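These notes are about the structure you will find just below.
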Amino acid sequence: MGERLRVAPIAFADAAAFVIEHHRHHTRPTGHKFSLAAMAGDDVVGVVIVGRPVARRLDDGRTLEVTRLCTTGHRNACSFLYGAAARAAFALGYSRIGTYILKREPGTSLAAAGWKLIGETPGKSWSVPSRARQDKHPIEPKLRWEIAA
């Protein structure tokens, strides 16, 4: 069954390096409010990086967003980290935390951690004529999940 998981703080630089090494379709985010590691013994088997919501209309000062979650595939590490991120956010006084997954992903770990499916967003490019950008992420439809205190 493997070693029991425990949560530990992790520096943003270390969490970002883990994402660069292990994430299948995202690069590191630009910043965070906090990051947590899932530990199996002395080994980091997953990280969650939590920051302000990317969507401006959701950035109300009481809401956070999981901007990256990445594991080595260790059993239950995803749901463990989603739960730990929510508990930490609520302990810091935030009232809601959300995240987005690709529409083709099942969301099993989020449901197991008690998060609720809120809705779907269209996948689109962040590039606009007034601010041209190179897309470094999937631009397909996404599902928004969240949990409230």
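In the structure tokens, the first chain shown is A, the next is B, and so on; residue numbers restart at 1 for each chain, and ligands run from 1 in the order shown.
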
*Pick out each residue of chain A that DSSP on the backbone tags as helix (DSSP H, G or I); I need them as a PyMOL selection string.*
chain A and resi 12-22+56-58+77-91+108-112

Could you turn the residues from that selection into a file that holds C-alpha atoms, as a PDB file, in the first residue's frame?
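What follows is the written file out.pdb:
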ATOM      1  CA  PHE A  12       8.084  28.050  -3.868  1.00  0.00           C
ATOM      2  CA  ALA A  13      11.329  27.485  -5.790  1.00  0.00           C
ATOM      3  CA  ASP A  14      11.381  23.816  -4.789  1.00  0.00           C
ATOM      4  CA  ALA A  15       7.690  23.321  -5.609  1.00  0.00           C
ATOM      5  CA  ALA A  16       8.185  25.047  -8.976  1.00  0.00           C
ATOM      6  CA  ALA A  17      11.168  22.810  -9.745  1.00  0.00           C
ATOM      7  CA  PHE A  18       9.035  19.745  -8.938  1.00  0.00           C
ATOM      8  CA  VAL A  19       6.357  20.994 -11.363  1.00  0.00           C
ATOM      9  CA  ILE A  20       8.935  21.569 -14.109  1.00  0.00           C
ATOM     10  CA  GLU A  21      10.231  18.024 -13.640  1.00  0.00           C
ATOM     11  CA  HIS A  22       6.923  16.155 -13.264  1.00  0.00           C
ATOM     12  CA  ARG A  56      -9.844  38.950 -11.837  1.00  0.00           C
ATOM     13  CA  ARG A  57     -13.550  38.661 -11.033  1.00  0.00           C
ATOM     14  CA  LEU A  58     -12.780  35.855  -8.554  1.00  0.00           C
ATOM     15  CA  ALA A  77      -1.441  12.070  -3.286  1.00  0.00           C
ATOM     16  CA  CYS A  78      -3.729  14.301  -5.401  1.00  0.00           C
ATOM     17  CA  SER A  79      -6.755  14.117  -3.093  1.00  0.00           C
ATOM     18  CA  PHE A  80      -4.424  14.383  -0.073  1.00  0.00           C
ATOM     19  CA  LEU A  81      -2.959  17.644  -1.431  1.00  0.00           C
ATOM     20  CA  TYR A  82      -6.338  19.117  -2.441  1.00  0.00           C
ATOM     21  CA  GLY A  83      -7.581  18.490   1.108  1.00  0.00           C
ATOM     22  CA  ALA A  84      -4.422  19.927   2.686  1.00  0.00           C
ATOM     23  CA  ALA A  85      -4.602  23.043   0.492  1.00  0.00           C
ATOM     24  CA  ALA A  86      -8.224  23.695   1.488  1.00  0.00           C
ATOM     25  CA  ARG A  87      -7.530  23.205   5.212  1.00  0.00           C
ATOM     26  CA  ALA A  88      -4.522  25.551   5.038  1.00  0.00           C
ATOM     27  CA  ALA A  89      -6.484  28.205   3.123  1.00  0.00           C
ATOM     28  CA  PHE A  90      -9.335  28.100   5.647  1.00  0.00           C
ATOM     29  CA  ALA A  91      -6.883  28.215   8.581  1.00  0.00           C
ATOM     30  CA  THR A 108     -11.929  11.962  -9.045  1.00  0.00           C
ATOM     31  CA  SER A 109      -9.330  13.373  -6.635  1.00  0.00           C
ATOM     32  CA  LEU A 110     -11.234  16.630  -6.215  1.00  0.00           C
ATOM     33  CA  ALA A 111     -14.503  14.824  -5.495  1.00  0.00           C
ATOM     34  CA  ALA A 112     -12.696  12.547  -3.020  1.00  0.00           C
TER      35      ALA A 112
END

*Apply DSSP to the backbone of this structure and, from chain A, keep only the residues in strand (DSSP E or B); write these as an NGL selection string.*
:A and (5-9 or 34-40 or 43-51 or 63-71 or 96-102 or 116-121 or 128 or 131 or 142-148)

_At a cut-off of 8 Å, using only C-alpha atoms, what residues contact Pro53 in chain A? Leave out same-chain residues fewer than 3 positions from it and give the result as a VMD selection string._
chain A and resid 56 58 to 59 63 to 65 98

Kindly export the residues of the current selection with N, CA and C atoms, as a PDB file, in the first residue's frame.
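Output contents, as saved in out-v4.pdb:
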ATOM      1  N   ARG A  56      -9.711  37.750 -12.674  1.00  0.00           N
ATOM      2  CA  ARG A  56      -9.844  38.950 -11.837  1.00  0.00           C
ATOM      3  C   ARG A  56     -11.161  39.015 -11.078  1.00  0.00           C
ATOM      4  N   LEU A  58     -12.775  36.747  -9.718  1.00  0.00           N
ATOM      5  CA  LEU A  58     -12.780  35.855  -8.554  1.00  0.00           C
ATOM      6  C   LEU A  58     -11.819  36.322  -7.463  1.00  0.00           C
ATOM      7  N   ASP A  59     -10.974  37.293  -7.770  1.00  0.00           N
ATOM      8  CA  ASP A  59      -9.960  37.766  -6.824  1.00  0.00           C
ATOM      9  C   ASP A  59     -10.565  38.797  -5.875  1.00  0.00           C
ATOM     10  N   THR A  63     -10.666  34.544  -1.591  1.00  0.00           N
ATOM     11  CA  THR A  63     -10.629  33.339  -2.412  1.00  0.00           C
ATOM     12  C   THR A  63      -9.198  33.058  -2.866  1.00  0.00           C
ATOM     13  N   LEU A  64      -8.812  31.791  -2.826  1.00  0.00           N
ATOM     14  CA  LEU A  64      -7.524  31.355  -3.357  1.00  0.00           C
ATOM     15  C   LEU A  64      -7.757  30.353  -4.475  1.00  0.00           C
ATOM     16  N   GLU A  65      -6.685  30.039  -5.198  1.00  0.00           N
ATOM     17  CA  GLU A  65      -6.778  29.090  -6.302  1.00  0.00           C
ATOM     18  C   GLU A  65      -5.577  28.157  -6.294  1.00  0.00           C
ATOM     19  N   GLY A  98     -10.500  27.411  -5.152  1.00  0.00           N
ATOM     20  CA  GLY A  98     -10.936  26.776  -6.390  1.00  0.00           C
ATOM     21  C   GLY A  98      -9.769  26.301  -7.219  1.00  0.00           C
TER      22      GLY A  98
END

*For Glu146 in chain A: contacts at 8 Å, only C-alpha atoms, fewer than 4 positions along chain excluded, given as a ChimeraX atom specification*: /A:96-99,115-118

*Just give me the gap between CA of His74 in chain A and CA of Gly46 in chain A in Å, one decimal is fine.*
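It comes out at 7.8 Å.
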
*With distances taken over only C-alpha atoms, which of A:Leu143, A:Ala113, A:Ala132, A:Leu5 is nearest to Arg75 in chain A?*
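Among the listed residues, A:Leu5 lies closest to Arg75 in chain A.
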
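Closest approach to Trp145 in chain A among A:Arg131, A:Arg52, A:Arg6, A:Lys103: A:Lys103, based on only C-alpha atoms.
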
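Atom to atom, CA of Ala38 in chain A and CA of Val7 in chain A stand 4.9 Å apart.
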
*Which residues come within 7 Å of Val45 in chain A, counting only C-alpha atoms, excluding same-chain residues fewer than 2 positions away, as a list in words?*
Ala38, Met39, Ala40, Asp43, Thr71, Thr72 and His74 of chain A

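Between CA of Thr121 in chain A and CA of Pro141 in chain A the interatomic distance comes to 5.8 Å.
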